[in-house]
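Input: a single structure, listed below in structure tokens.
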Amino acid sequence: MHATNIRLRDFIVTDNGWIFAASGYDHTGGVQAVLRYIPDQNGDREMGGVRYRKLDFDESGEFLEKNRASWKFRLPEDAISRVLRSNERIPALAKEDPRVAVIVDVLKSAGIPVDKMGVTGSMLPGLQIEGSDIDFVVYGRYWFLARDAIRREISRNRGRDRDQDSDKLEIKEISEAMWRQIYAKRVPEISFEEFLTHELRKGNRGMVGDTYFDLLFVRDWDQLPVTQERGADLRRCSLTARVLSADLAFDSPAIYEIDHPVVSKILCYTHTYAGQALAGEVVEARGMLEDVRGQKRLVVGTSREPVGEWMRSLDLLGRVPQPEK
């Protein structure tokens, strides 16, 4: 099994039936992956006659620490039984699940090839349950076309007469109640009003029927390989800077190149702050200052939902400091 063929958001099944999600692109010395599902006879999910239990981020780390500590940060290639690739699951899912079919049809109409679409999360291994979200993947430059297509579809359906085709599945905007659920799940270090202002601009989330979905960015093959070098922690700090480039703002980590006398980049490992700012905007951020071979970068997301780490666009919020006269 060649780890170089594993991309972010693909799933990996080990010989003992544990299911990991690829959490990065750089698999030097083992696959970057997080344990998501383990066989458990009391689990609430089932695949191929085997029951599974989903682990949250903290549970995953504790389970590996206790049962296979050497797999906690890098999964060895010789432990891999098979790889579940996000894009290979789409054709079957589009036939099985009308909600996925609606999203696929909208994106196909926008000129996006089916092999540039994928699915991750519980739907990838077939472990979804009632209430599971749809984590829809789009690769490379096609992601931006997909985001625009979803925005157009939401706008079109917003203006439709609800008495017509009321039973037809359609893509629609997220209600405030659902936004509050998403906010409560993520527990970000910004207010709900700030969170919602940023999220509404991103345009990568919606509802299909009564199911929440989001569009997740994954680099295409021509954007690989990627080396993700770990830096040396220096100190926690805050900064204000102008964004020079946000081309990879929806990647994981989200990357923002900034104009700052000390720090060259902001890396956001927390999904909440993906797409948080556009090129040219002034941002305010707090996280861990790292040194990578003499280059300084600010990391937001040193844990799953970090306390005291955040990022906001001051331009979007109308809070850009005015120069003194």
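So you can find residues: chains in the structure tokens are A, B, ... in the order shown, residues in each start at 1, and ligands are numbered from 1 in order.
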query = So which residues touch A:Gln228 within 9 Å, counting only C-alpha atoms, skipping near sequence neighbours fewer than 6 positions away, as a list in words?
reply = Gly24, Tyr25 and Asp26 of chain A
Write out, as a CSV table (one decimal), in the first residue's frame, the residues just selected, with N, CA and C atoms.
```csv
chain,number,residue,atom,x,y,z
A,24,GLY,N,-4.2,14.7,6.8
A,24,GLY,CA,-3.2,15.5,6.1
A,24,GLY,C,-2.8,14.9,4.8
A,25,TYR,N,-1.8,15.5,4.2
A,25,TYR,CA,-1.3,15.0,2.9
A,25,TYR,C,0.1,14.4,3.0
A,26,ASP,N,0.9,14.8,4.0
A,26,ASP,CA,2.3,14.4,4.1
A,26,ASP,C,2.3,13.1,4.9
```
Using only C-alpha atoms, what table do you get, as CSV, when you list each residue of stretch 147-261 of chain A with an atom no more than 10 Å from stretch 121-131 of chain A, its nearest pair of atoms, and their distance in Å rounded to one decimal, rows by chain then rising number?
```
residue,atom,partner,partner_atom,distance
A:Asp210,CA,A:Gly131,CA,9.1
A:Thr211,CA,A:Gly131,CA,7.3
A:Tyr212,CA,A:Gly131,CA,8.9
```
key: For stretch 308-318 of chain A: contacts at 6 Å, only C-alpha atoms, fewer than 6 positions along chain excluded, given as a VMD selection string   = chain A and resid 189 277 281 to 287 300
inquiry  = Please compute the atom CA of A:Lys265-atom CA of A:Ser191 distance, one decimal, in Å.
reply    = 24.4 Å
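Using only C-alpha atoms, the smallest distance between any of A:Lys72, A:Val218, A:Leu8, A:Phe192 and A:Lys116 comes from A:Val218.
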key: Distance query stretch 45-57 of chain A at most 10 Å, only C-alpha atoms, self and fewer than 4 positions along chain excluded, as a list in words   = Gly17, Trp18, Ile19, Val34, Leu35, Arg36, Tyr37, Ile38, Pro39, Asp40, Gln41, Gly61, Glu62, Phe63, Ser122, Pro125, Gly126, Leu127, Gln128, Ile129, Ser303, Arg304 and Glu305 of chain A
query = Near stretch 193-198 of chain A, counting only C-alpha atoms, which residues have an atom at most 12 Å away, once you skip same-chain residues fewer than 2 positions from it, shown as an MDAnalysis selection string?
reply = chainID A and resid 174:184 186:191 200:205 272:278 310:319
task = Between atom CA of A:Asp148 and atom CA of A:Val114, measure the distance and give it in Å to one decimal.
result =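 Result for atom CA of A:Asp148 versus atom CA of A:Val114: 16.6 Å, one decimal.
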Go through stretch 70-193 of chain A and collect every residue that DSSP, computed from the backbone, puts in helix (DSSP H, G or I); the answer should be as a PDB file with N, CA and C atoms, in the first residue's frame.
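Output contents, as saved in selection-v7.pdb:
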```
ATOM      1  N   SER A  70       1.753   3.794  19.499  1.00  0.00           N
ATOM      2  CA  SER A  70       2.619   4.115  18.359  1.00  0.00           C
ATOM      3  C   SER A  70       1.829   4.554  17.135  1.00  0.00           C
ATOM      4  N   TRP A  71       0.500   4.369  17.137  1.00  0.00           N
ATOM      5  CA  TRP A  71      -0.344   4.775  16.009  1.00  0.00           C
ATOM      6  C   TRP A  71      -1.013   6.126  16.250  1.00  0.00           C
ATOM      7  N   GLU A  77       2.364   2.111   7.361  1.00  0.00           N
ATOM      8  CA  GLU A  77       1.797   1.584   6.116  1.00  0.00           C
ATOM      9  C   GLU A  77       1.488   0.094   6.208  1.00  0.00           C
ATOM     10  N   ASP A  78       2.302  -0.659   6.959  1.00  0.00           N
ATOM     11  CA  ASP A  78       2.084  -2.112   7.018  1.00  0.00           C
ATOM     12  C   ASP A  78       0.865  -2.497   7.844  1.00  0.00           C
ATOM     13  N   ALA A  79       0.215  -1.490   8.496  1.00  0.00           N
ATOM     14  CA  ALA A  79      -1.014  -1.765   9.247  1.00  0.00           C
ATOM     15  C   ALA A  79      -2.258  -1.593   8.387  1.00  0.00           C
ATOM     16  N   SER A  86     -12.405   8.923  -1.115  1.00  0.00           N
ATOM     17  CA  SER A  86     -13.611   9.754  -1.088  1.00  0.00           C
ATOM     18  C   SER A  86     -14.327   9.793  -2.426  1.00  0.00           C
ATOM     19  N   ASN A  87     -13.576   9.931  -3.528  1.00  0.00           N
ATOM     20  CA  ASN A  87     -14.229  10.098  -4.831  1.00  0.00           C
ATOM     21  C   ASN A  87     -14.800   8.788  -5.373  1.00  0.00           C
ATOM     22  N   GLU A  88     -14.281   7.654  -4.934  1.00  0.00           N
ATOM     23  CA  GLU A  88     -14.754   6.368  -5.451  1.00  0.00           C
ATOM     24  C   GLU A  88     -16.119   5.980  -4.891  1.00  0.00           C
ATOM     25  N   ARG A  89     -16.544   6.617  -3.828  1.00  0.00           N
ATOM     26  CA  ARG A  89     -17.825   6.269  -3.180  1.00  0.00           C
ATOM     27  C   ARG A  89     -19.020   6.978  -3.825  1.00  0.00           C
ATOM     28  N   ILE A  90     -18.751   8.071  -4.550  1.00  0.00           N
ATOM     29  CA  ILE A  90     -19.827   8.924  -5.054  1.00  0.00           C
ATOM     30  C   ILE A  90     -20.793   8.219  -6.024  1.00  0.00           C
ATOM     31  N   PRO A  91     -20.337   7.503  -7.048  1.00  0.00           N
ATOM     32  CA  PRO A  91     -21.293   6.908  -7.998  1.00  0.00           C
ATOM     33  C   PRO A  91     -22.342   6.023  -7.322  1.00  0.00           C
ATOM     34  N   ALA A  92     -21.908   5.180  -6.382  1.00  0.00           N
ATOM     35  CA  ALA A  92     -22.862   4.303  -5.695  1.00  0.00           C
ATOM     36  C   ALA A  92     -23.789   5.099  -4.790  1.00  0.00           C
ATOM     37  N   LEU A  93     -23.235   6.080  -4.064  1.00  0.00           N
ATOM     38  CA  LEU A  93     -24.067   6.870  -3.159  1.00  0.00           C
ATOM     39  C   LEU A  93     -25.122   7.677  -3.909  1.00  0.00           C
ATOM     40  N   ALA A  94     -24.757   8.182  -5.082  1.00  0.00           N
ATOM     41  CA  ALA A  94     -25.714   8.973  -5.864  1.00  0.00           C
ATOM     42  C   ALA A  94     -26.907   8.125  -6.295  1.00  0.00           C
ATOM     43  N   LYS A  95     -26.702   6.825  -6.424  1.00  0.00           N
ATOM     44  CA  LYS A  95     -27.809   5.917  -6.768  1.00  0.00           C
ATOM     45  C   LYS A  95     -28.603   5.518  -5.534  1.00  0.00           C
ATOM     46  N   GLU A  96     -27.916   5.410  -4.386  1.00  0.00           N
ATOM     47  CA  GLU A  96     -28.556   4.921  -3.165  1.00  0.00           C
ATOM     48  C   GLU A  96     -29.282   6.009  -2.386  1.00  0.00           C
ATOM     49  N   PRO A  98     -30.963   9.771  -2.373  1.00  0.00           N
ATOM     50  CA  PRO A  98     -31.461  10.896  -3.189  1.00  0.00           C
ATOM     51  C   PRO A  98     -30.905  12.247  -2.760  1.00  0.00           C
ATOM     52  N   ARG A  99     -30.513  12.401  -1.505  1.00  0.00           N
ATOM     53  CA  ARG A  99     -29.942  13.676  -1.054  1.00  0.00           C
ATOM     54  C   ARG A  99     -28.575  13.909  -1.701  1.00  0.00           C
ATOM     55  N   VAL A 100     -27.766  12.865  -1.742  1.00  0.00           N
ATOM     56  CA  VAL A 100     -26.465  12.972  -2.411  1.00  0.00           C
ATOM     57  C   VAL A 100     -26.667  13.197  -3.904  1.00  0.00           C
ATOM     58  N   ALA A 101     -27.670  12.534  -4.467  1.00  0.00           N
ATOM     59  CA  ALA A 101     -27.952  12.694  -5.904  1.00  0.00           C
ATOM     60  C   ALA A 101     -28.289  14.136  -6.247  1.00  0.00           C
ATOM     61  N   VAL A 102     -29.016  14.817  -5.379  1.00  0.00           N
ATOM     62  CA  VAL A 102     -29.369  16.225  -5.625  1.00  0.00           C
ATOM     63  C   VAL A 102     -28.111  17.080  -5.694  1.00  0.00           C
ATOM     64  N   ILE A 103     -27.201  16.897  -4.746  1.00  0.00           N
ATOM     65  CA  ILE A 103     -25.959  17.678  -4.739  1.00  0.00           C
ATOM     66  C   ILE A 103     -25.130  17.369  -5.976  1.00  0.00           C
ATOM     67  N   VAL A 104     -25.004  16.096  -6.303  1.00  0.00           N
ATOM     68  CA  VAL A 104     -24.229  15.687  -7.482  1.00  0.00           C
ATOM     69  C   VAL A 104     -24.804  16.307  -8.746  1.00  0.00           C
ATOM     70  N   ASP A 105     -26.119  16.285  -8.898  1.00  0.00           N
ATOM     71  CA  ASP A 105     -26.752  16.838 -10.105  1.00  0.00           C
ATOM     72  C   ASP A 105     -26.511  18.339 -10.234  1.00  0.00           C
ATOM     73  N   VAL A 106     -26.589  19.052  -9.107  1.00  0.00           N
ATOM     74  CA  VAL A 106     -26.345  20.499  -9.139  1.00  0.00           C
ATOM     75  C   VAL A 106     -24.903  20.781  -9.568  1.00  0.00           C
ATOM     76  N   LEU A 107     -23.965  20.019  -9.041  1.00  0.00           N
ATOM     77  CA  LEU A 107     -22.558  20.249  -9.368  1.00  0.00           C
ATOM     78  C   LEU A 107     -22.240  19.810 -10.800  1.00  0.00           C
ATOM     79  N   LYS A 108     -22.840  18.722 -11.242  1.00  0.00           N
ATOM     80  CA  LYS A 108     -22.643  18.298 -12.636  1.00  0.00           C
ATOM     81  C   LYS A 108     -23.145  19.377 -13.591  1.00  0.00           C
ATOM     82  N   SER A 109     -24.274  19.986 -13.260  1.00  0.00           N
ATOM     83  CA  SER A 109     -24.827  21.049 -14.103  1.00  0.00           C
ATOM     84  C   SER A 109     -23.908  22.261 -14.170  1.00  0.00           C
ATOM     85  N   VAL A 114     -17.773  14.165 -12.146  1.00  0.00           N
ATOM     86  CA  VAL A 114     -18.118  13.341 -10.986  1.00  0.00           C
ATOM     87  C   VAL A 114     -16.862  12.851 -10.273  1.00  0.00           C
ATOM     88  N   ASP A 115     -15.778  12.609 -11.011  1.00  0.00           N
ATOM     89  CA  ASP A 115     -14.567  12.112 -10.351  1.00  0.00           C
ATOM     90  C   ASP A 115     -13.835  13.199  -9.570  1.00  0.00           C
ATOM     91  N   LYS A 116     -14.327  14.441  -9.633  1.00  0.00           N
ATOM     92  CA  LYS A 116     -13.786  15.515  -8.811  1.00  0.00           C
ATOM     93  C   LYS A 116     -14.662  15.765  -7.589  1.00  0.00           C
ATOM     94  N   GLY A 121     -16.525  11.471   6.111  1.00  0.00           N
ATOM     95  CA  GLY A 121     -17.368  11.281   7.277  1.00  0.00           C
ATOM     96  C   GLY A 121     -18.002   9.897   7.279  1.00  0.00           C
ATOM     97  N   SER A 122     -19.101   9.761   7.993  1.00  0.00           N
ATOM     98  CA  SER A 122     -19.707   8.434   8.187  1.00  0.00           C
ATOM     99  C   SER A 122     -20.200   7.802   6.894  1.00  0.00           C
ATOM    100  N   MET A 123     -20.520   8.622   5.884  1.00  0.00           N
ATOM    101  CA  MET A 123     -21.019   8.070   4.623  1.00  0.00           C
ATOM    102  C   MET A 123     -19.944   7.324   3.832  1.00  0.00           C
ATOM    103  N   TYR A 142     -12.061  22.933  -8.648  1.00  0.00           N
ATOM    104  CA  TYR A 142     -13.490  22.678  -8.823  1.00  0.00           C
ATOM    105  C   TYR A 142     -14.286  23.016  -7.570  1.00  0.00           C
ATOM    106  N   TRP A 143     -13.590  23.073  -6.422  1.00  0.00           N
ATOM    107  CA  TRP A 143     -14.299  23.408  -5.180  1.00  0.00           C
ATOM    108  C   TRP A 143     -14.968  24.775  -5.283  1.00  0.00           C
ATOM    109  N   PHE A 144     -14.286  25.738  -5.875  1.00  0.00           N
ATOM    110  CA  PHE A 144     -14.820  27.094  -5.954  1.00  0.00           C
ATOM    111  C   PHE A 144     -16.016  27.161  -6.910  1.00  0.00           C
ATOM    112  N   LEU A 145     -15.962  26.379  -7.986  1.00  0.00           N
ATOM    113  CA  LEU A 145     -17.128  26.280  -8.880  1.00  0.00           C
ATOM    114  C   LEU A 145     -18.307  25.653  -8.146  1.00  0.00           C
ATOM    115  N   ALA A 146     -18.011  24.634  -7.324  1.00  0.00           N
ATOM    116  CA  ALA A 146     -19.068  23.959  -6.561  1.00  0.00           C
ATOM    117  C   ALA A 146     -19.702  24.907  -5.556  1.00  0.00           C
ATOM    118  N   ARG A 147     -18.881  25.682  -4.858  1.00  0.00           N
ATOM    119  CA  ARG A 147     -19.388  26.629  -3.881  1.00  0.00           C
ATOM    120  C   ARG A 147     -20.318  27.647  -4.548  1.00  0.00           C
ATOM    121  N   ASP A 148     -19.908  28.143  -5.722  1.00  0.00           N
ATOM    122  CA  ASP A 148     -20.741  29.110  -6.436  1.00  0.00           C
ATOM    123  C   ASP A 148     -22.050  28.480  -6.897  1.00  0.00           C
ATOM    124  N   ALA A 149     -21.989  27.211  -7.325  1.00  0.00           N
ATOM    125  CA  ALA A 149     -23.197  26.515  -7.774  1.00  0.00           C
ATOM    126  C   ALA A 149     -24.187  26.328  -6.627  1.00  0.00           C
ATOM    127  N   ILE A 150     -23.673  25.991  -5.452  1.00  0.00           N
ATOM    128  CA  ILE A 150     -24.537  25.831  -4.276  1.00  0.00           C
ATOM    129  C   ILE A 150     -25.163  27.169  -3.888  1.00  0.00           C
ATOM    130  N   ARG A 151     -24.382  28.230  -3.943  1.00  0.00           N
ATOM    131  CA  ARG A 151     -24.927  29.562  -3.645  1.00  0.00           C
ATOM    132  C   ARG A 151     -26.074  29.907  -4.589  1.00  0.00           C
ATOM    133  N   ARG A 152     -25.871  29.646  -5.893  1.00  0.00           N
ATOM    134  CA  ARG A 152     -26.919  29.961  -6.880  1.00  0.00           C
ATOM    135  C   ARG A 152     -28.168  29.135  -6.618  1.00  0.00           C
ATOM    136  N   GLU A 153     -27.978  27.877  -6.290  1.00  0.00           N
ATOM    137  CA  GLU A 153     -29.130  26.996  -6.060  1.00  0.00           C
ATOM    138  C   GLU A 153     -29.922  27.439  -4.831  1.00  0.00           C
ATOM    139  N   ILE A 154     -29.213  27.815  -3.773  1.00  0.00           N
ATOM    140  CA  ILE A 154     -29.898  28.304  -2.568  1.00  0.00           C
ATOM    141  C   ILE A 154     -30.676  29.575  -2.878  1.00  0.00           C
ATOM    142  N   SER A 155     -30.054  30.478  -3.632  1.00  0.00           N
ATOM    143  CA  SER A 155     -30.726  31.728  -3.990  1.00  0.00           C
ATOM    144  C   SER A 155     -31.958  31.453  -4.850  1.00  0.00           C
ATOM    145  N   ARG A 156     -31.835  30.536  -5.798  1.00  0.00           N
ATOM    146  CA  ARG A 156     -32.964  30.206  -6.688  1.00  0.00           C
ATOM    147  C   ARG A 156     -34.122  29.597  -5.891  1.00  0.00           C
ATOM    148  N   ASN A 157     -33.805  28.701  -4.976  1.00  0.00           N
ATOM    149  CA  ASN A 157     -34.858  28.036  -4.206  1.00  0.00           C
ATOM    150  C   ASN A 157     -35.473  28.957  -3.156  1.00  0.00           C
ATOM    151  N   ARG A 158     -34.725  29.964  -2.737  1.00  0.00           N
ATOM    152  CA  ARG A 158     -35.259  30.912  -1.767  1.00  0.00           C
ATOM    153  C   ARG A 158     -36.436  31.680  -2.358  1.00  0.00           C
ATOM    154  N   GLU A 176     -31.614  29.707  11.231  1.00  0.00           N
ATOM    155  CA  GLU A 176     -30.853  30.223  12.370  1.00  0.00           C
ATOM    156  C   GLU A 176     -30.739  29.172  13.470  1.00  0.00           C
ATOM    157  N   ALA A 177     -31.791  28.360  13.647  1.00  0.00           N
ATOM    158  CA  ALA A 177     -31.740  27.314  14.680  1.00  0.00           C
ATOM    159  C   ALA A 177     -30.624  26.320  14.378  1.00  0.00           C
ATOM    160  N   MET A 178     -30.464  25.957  13.102  1.00  0.00           N
ATOM    161  CA  MET A 178     -29.386  25.036  12.738  1.00  0.00           C
ATOM    162  C   MET A 178     -28.027  25.699  12.902  1.00  0.00           C
ATOM    163  N   TRP A 179     -27.927  26.989  12.534  1.00  0.00           N
ATOM    164  CA  TRP A 179     -26.662  27.701  12.738  1.00  0.00           C
ATOM    165  C   TRP A 179     -26.284  27.683  14.213  1.00  0.00           C
ATOM    166  N   ARG A 180     -27.257  27.836  15.086  1.00  0.00           N
ATOM    167  CA  ARG A 180     -26.960  27.830  16.526  1.00  0.00           C
ATOM    168  C   ARG A 180     -26.494  26.450  16.980  1.00  0.00           C
ATOM    169  N   GLN A 181     -27.037  25.391  16.362  1.00  0.00           N
ATOM    170  CA  GLN A 181     -26.564  24.041  16.676  1.00  0.00           C
ATOM    171  C   GLN A 181     -25.109  23.861  16.249  1.00  0.00           C
ATOM    172  N   ILE A 182     -24.797  24.360  15.051  1.00  0.00           N
ATOM    173  CA  ILE A 182     -23.427  24.252  14.539  1.00  0.00           C
ATOM    174  C   ILE A 182     -22.479  25.028  15.443  1.00  0.00           C
ATOM    175  N   TYR A 183     -22.900  26.228  15.842  1.00  0.00           N
ATOM    176  CA  TYR A 183     -22.080  27.060  16.725  1.00  0.00           C
ATOM    177  C   TYR A 183     -21.842  26.357  18.067  1.00  0.00           C
ATOM    178  N   ALA A 184     -22.889  25.783  18.623  1.00  0.00           N
ATOM    179  CA  ALA A 184     -22.779  25.100  19.916  1.00  0.00           C
ATOM    180  C   ALA A 184     -21.865  23.883  19.821  1.00  0.00           C
ATOM    181  N   LYS A 185     -21.874  23.215  18.677  1.00  0.00           N
ATOM    182  CA  LYS A 185     -21.018  22.035  18.485  1.00  0.00           C
ATOM    183  C   LYS A 185     -19.555  22.431  18.394  1.00  0.00           C
ATOM    184  N   ARG A 186     -19.291  23.570  17.755  1.00  0.00           N
ATOM    185  CA  ARG A 186     -17.899  23.983  17.543  1.00  0.00           C
ATOM    186  C   ARG A 186     -17.327  24.786  18.712  1.00  0.00           C
ATOM    187  N   PHE A 192     -21.568  34.399  18.625  1.00  0.00           N
ATOM    188  CA  PHE A 192     -22.426  33.804  17.594  1.00  0.00           C
ATOM    189  C   PHE A 192     -22.620  34.767  16.435  1.00  0.00           C
ATOM    190  N   GLU A 193     -22.792  36.047  16.733  1.00  0.00           N
ATOM    191  CA  GLU A 193     -23.010  37.029  15.675  1.00  0.00           C
ATOM    192  C   GLU A 193     -21.799  37.114  14.747  1.00  0.00           C
TER     193      GLU A 193
END
```
task = Could you give me, as a count of residues only, the residues within 6 Å of A:Ala254, counting only C-alpha atoms and dropping anything in the same chain fewer than 4 positions from it?
result = 6
key: Residue list (strand (DSSP E or B), DSSP) for stretch 94-299 of chain A, as a PyMOL selection string   = chain A and resi 117-120+134-139+171-172+205-208+211-218+232-248+254-259+263-268+282-292+295-299
Pull C-alpha atoms from the residues just selected and write them as an mmCIF file, in the first residue's frame.
```
data_model
loop_
_atom_site.group_PDB
_atom_site.id
_atom_site.type_symbol
_atom_site.label_atom_id
_atom_site.label_comp_id
_atom_site.auth_asym_id
_atom_site.auth_seq_id
_atom_site.Cartn_x
_atom_site.Cartn_y
_atom_site.Cartn_z
ATOM 1 C CA MET A 117 -16.494 14.952 -6.174
ATOM 2 C CA GLY A 118 -16.250 12.843 -3.052
ATOM 3 C CA VAL A 119 -17.770 12.136 0.312
ATOM 4 C CA THR A 120 -16.165 11.674 3.707
ATOM 5 C CA ILE A 134 -23.274 14.909 4.547
ATOM 6 C CA ASP A 135 -19.586 15.809 4.346
ATOM 7 C CA PHE A 136 -19.228 16.444 0.619
ATOM 8 C CA VAL A 137 -15.740 16.736 -0.890
ATOM 9 C CA VAL A 138 -14.725 18.637 -4.030
ATOM 10 C CA TYR A 139 -11.161 18.591 -5.345
ATOM 11 C CA ILE A 171 -30.901 22.615 -1.629
ATOM 12 C CA LYS A 172 -31.856 25.447 0.679
ATOM 13 C CA ARG A 205 -22.889 25.013 3.772
ATOM 14 C CA GLY A 206 -26.519 24.257 3.134
ATOM 15 C CA MET A 207 -29.451 21.913 3.690
ATOM 16 C CA VAL A 208 -30.687 19.225 1.325
ATOM 17 C CA THR A 211 -30.050 17.218 6.186
ATOM 18 C CA TYR A 212 -27.150 19.577 6.797
ATOM 19 C CA PHE A 213 -24.187 19.375 4.410
ATOM 20 C CA ASP A 214 -20.965 21.217 3.773
ATOM 21 C CA LEU A 215 -18.480 21.372 0.911
ATOM 22 C CA LEU A 216 -14.983 20.365 1.965
ATOM 23 C CA PHE A 217 -11.870 21.275 -0.020
ATOM 24 C CA VAL A 218 -9.202 18.676 -0.831
ATOM 25 C CA ALA A 232 8.871 24.543 17.414
ATOM 26 C CA ASP A 233 6.389 26.233 19.763
ATOM 27 C CA LEU A 234 7.538 29.660 20.938
ATOM 28 C CA ARG A 235 4.669 31.373 22.775
ATOM 29 C CA ARG A 236 1.006 32.245 22.501
ATOM 30 C CA CYS A 237 0.430 35.627 20.911
ATOM 31 C CA SER A 238 -2.029 37.789 18.995
ATOM 32 C CA LEU A 239 -1.450 39.675 15.778
ATOM 33 C CA THR A 240 -3.176 41.980 13.331
ATOM 34 C CA ALA A 241 -2.127 41.780 9.674
ATOM 35 C CA ARG A 242 -3.335 42.096 6.105
ATOM 36 C CA VAL A 243 -3.914 38.887 4.133
ATOM 37 C CA LEU A 244 -1.796 38.664 0.979
ATOM 38 C CA SER A 245 -3.135 35.324 -0.268
ATOM 39 C CA ALA A 246 -6.094 33.156 0.756
ATOM 40 C CA ASP A 247 -5.901 30.658 -2.141
ATOM 41 C CA LEU A 248 -5.719 27.752 0.327
ATOM 42 C CA ALA A 254 -6.342 26.654 6.135
ATOM 43 C CA ILE A 255 -3.383 28.759 5.011
ATOM 44 C CA TYR A 256 -3.265 32.560 4.922
ATOM 45 C CA GLU A 257 -0.141 34.354 3.729
ATOM 46 C CA ILE A 258 0.070 37.671 5.552
ATOM 47 C CA ASP A 259 1.898 40.991 5.493
ATOM 48 C CA VAL A 263 5.027 36.217 10.893
ATOM 49 C CA SER A 264 4.675 35.004 7.288
ATOM 50 C CA LYS A 265 1.582 32.773 7.557
ATOM 51 C CA ILE A 266 -1.434 31.912 9.667
ATOM 52 C CA LEU A 267 -2.329 28.206 9.699
ATOM 53 C CA CYS A 268 -5.808 27.284 10.986
ATOM 54 C CA VAL A 282 -7.096 42.851 7.705
ATOM 55 C CA VAL A 283 -7.400 39.997 10.194
ATOM 56 C CA GLU A 284 -6.940 39.630 13.908
ATOM 57 C CA ALA A 285 -5.812 36.235 15.199
ATOM 58 C CA ARG A 286 -4.510 34.536 18.319
ATOM 59 C CA GLY A 287 -2.713 31.222 18.534
ATOM 60 C CA MET A 288 0.676 29.570 19.017
ATOM 61 C CA LEU A 289 3.688 31.218 17.419
ATOM 62 C CA GLU A 290 5.878 28.569 15.793
ATOM 63 C CA ASP A 291 9.346 28.617 14.303
ATOM 64 C CA VAL A 292 10.021 26.465 11.230
ATOM 65 C CA GLN A 295 10.305 31.204 9.545
ATOM 66 C CA LYS A 296 7.606 32.280 11.972
ATOM 67 C CA ARG A 297 3.968 31.297 11.591
ATOM 68 C CA LEU A 298 0.907 31.550 13.804
ATOM 69 C CA VAL A 299 -1.025 28.311 14.387
#
```
message = I'd like to know which of A:Glu65, A:Gly231, A:Arg7, A:Arg85 is closest to A:Arg219, using only C-alpha atoms.
response = A:Arg7
key: For atom CA of A:Asp44 and atom CA of A:Arg74, the interatomic separation in Å (one decimal)   =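 Atom CA of A:Asp44 sits 27.3 Å away from atom CA of A:Arg74.
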